[in-house]
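Undergrad: Pasting a structure below so you can have a look.
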Amino acid sequence: SHARTHRPKGPPPGAAIVSTLIKKLEAYPEDRLEIMKGMRMESLITSGSPQSVLGVTVVDEAGRKFSLHGPVILATGGYANDHTSSSLLAQWVPHLKDMPTTNGPWATGEGVKAGVAIGVATVDMDKVQVHPTGFVHPDDPDHKTKFLCGEALRGEGGLLLDAQGRRFVNELDLRENVVARMDEVPGKKYI
């Protein structure tokens with residue numbers, strides 16, 4: 001195999017974007033922006049009818065609850081690493097609920113659930129992006145969380161093989177086409 005794509009020099013684009021945003025946020029004066037790490041949002045604080053959002057309740061790593069009052073921007077991400085009975089994945093895309101995820105342990109949908117709890121409407125919850133490749137830890141190959149193995153690995157020559165060691169798809173095809181082909185091939189797949 002050989003490299004089949006051009007890769008830019010420097011850090012991966014996603015990491016560069018995130019680290020730049022973090023540096024910009026950390027440059028704000030503390031009296032204008034407080035960054036609280038290790039917190040999990042538990043609920044939105046509301047009042048009135050129609051409801052107004054007044055703040056959030058958060059829980060720190062020690063389990064202590066805090067109420068934070070002020071403007072709230074609910075910018076929430078994935079939910080595929082929620083394996084609880086209230087899993088949004090099981091609710092909206094049940095055929096994916098047992099599939100391993102490359103979402104980190106933080107991607108459990110608390111933000112979406114908090115919004116829904118106060119009547120916020122959702123759209124396209126069934127539109128879940130499935131990533132075709134993730135690293136499998138040899139000590140725990142059946143773990144539900146995999147470390148993302150990005151397109152770069154396939155672009156640099158990685159091949160997708162079925163359980164018999166046969167290539168079954170053009171690895172550089174659109175992600176949705178690669179995933180669809182993986183769904184058609186029985187058994188485990190390997191890169």
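Scheme for the structure tokens: letters A, B, ... for chains in order shown; per-chain residue numbers from 1; ligand numbers from 1 in order shown.
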Can you tell me, as a PyMOL selection string, which residues in chain A count as alpha helix (DSSP H) by DSSP?
TA: chain A and resi 13-26+88-92+110-117+151-155+175-184
Undergrad: If you keep C-alpha atoms, can you produce a file of those selected residues as a short mmCIF file (atom, residue, chain, number, x, y, z; two decimals), in the first residue's frame?
TA:
data_model
loop_
_atom_site.label_atom_id
_atom_site.label_comp_id
_atom_site.auth_asym_id
_atom_site.auth_seq_id
_atom_site.Cartn_x
_atom_site.Cartn_y
_atom_site.Cartn_z
CA PRO A 13 -6.73 20.62 11.61
CA GLY A 14 -9.18 19.74 14.41
CA ALA A 15 -6.51 20.01 17.10
CA ALA A 16 -5.28 23.32 15.66
CA ILE A 17 -8.81 24.78 15.70
CA VAL A 18 -9.54 23.63 19.26
CA SER A 19 -6.20 24.79 20.68
CA THR A 20 -6.62 28.21 19.02
CA LEU A 21 -10.12 28.59 20.50
CA ILE A 22 -8.89 27.57 23.96
CA LYS A 23 -6.07 30.15 23.82
CA LYS A 24 -8.54 32.87 22.82
CA LEU A 25 -10.92 31.95 25.67
CA GLU A 26 -8.11 31.80 28.23
CA LEU A 88 -30.61 9.31 23.16
CA LEU A 89 -28.93 6.88 20.77
CA ALA A 90 -31.25 4.06 21.87
CA GLN A 91 -34.22 6.45 21.54
CA TRP A 92 -33.42 7.95 18.14
CA GLU A 110 -26.61 15.95 28.95
CA GLY A 111 -27.02 19.24 27.11
CA VAL A 112 -29.66 17.86 24.76
CA LYS A 113 -31.46 16.11 27.64
CA ALA A 114 -31.47 19.31 29.72
CA GLY A 115 -32.96 21.27 26.83
CA VAL A 116 -35.61 18.64 26.13
CA ALA A 117 -36.52 18.57 29.85
CA GLU A 151 -9.25 9.33 7.56
CA ALA A 152 -5.56 10.20 7.50
CA LEU A 153 -4.68 6.59 8.30
CA ARG A 154 -6.69 5.36 5.32
CA GLY A 155 -5.32 8.20 3.18
CA ARG A 175 -17.59 8.17 4.75
CA GLU A 176 -21.28 7.28 4.39
CA ASN A 177 -20.45 4.90 1.50
CA VAL A 178 -17.61 3.25 3.44
CA VAL A 179 -19.89 2.77 6.47
CA ALA A 180 -22.72 1.42 4.28
CA ARG A 181 -20.34 -1.13 2.74
CA MET A 182 -19.07 -2.11 6.21
CA ASP A 183 -22.67 -2.76 7.26
CA GLU A 184 -23.11 -5.12 4.29
#
Undergrad: DSSP on the backbone: which residues in stretch 6-185 of chain A end up as strand (DSSP E or B)? Give the answer as a PyMOL selection string.
TA: chain A and resi 40-47+52-59+65-69+101+134-135+145+147-148+161+167
Undergrad: List the neighbours of A:Thr102 out to 9 Å using only C-alpha atoms; skip same-chain residues closer than 3 positions along the sequence, and give me the result as a VMD selection string.
TA: chain A and resid 80 to 81 130 to 131 133 to 135 144 to 149
Undergrad: Compare A:Val169, A:Ala3, A:Leu96, A:Val58 by their minimum atom-to-atom distance to A:Glu156, counting only C-alpha atoms, and give me the closest one.
TA: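 For A:Glu156, the nearest of the given residues is A:Ala3.
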Undergrad: Which distance in Å separates atom CA of A:Pro12 and atom CA of A:Asp126, to one decimal?
TA: 28.5 Å
Undergrad: Do a neighbour search on A:His143 at 9 Å with only C-alpha atoms, toss out local chain neighbours closer than 4 positions, and write the hits as a list of chain:residue names.
TA: A:Pro100, A:Val136, A:His137
Undergrad: Could you check which of A:Glu171, A:Glu42, A:Asp140, A:Glu34 is closest to A:Ser67, using only C-alpha atoms?
TA: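 Going through A:Glu171, A:Glu42, A:Asp140, A:Glu34 one by one, the smallest distance to A:Ser67 is for A:Glu42.
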Undergrad: Using only C-alpha atoms, which residues sit within 12 Å of A:Lys37 once same-chain residues fewer than 3 positions away are excluded, as a PyMOL selection string?
TA: chain A and resi 34+40-41+58-61
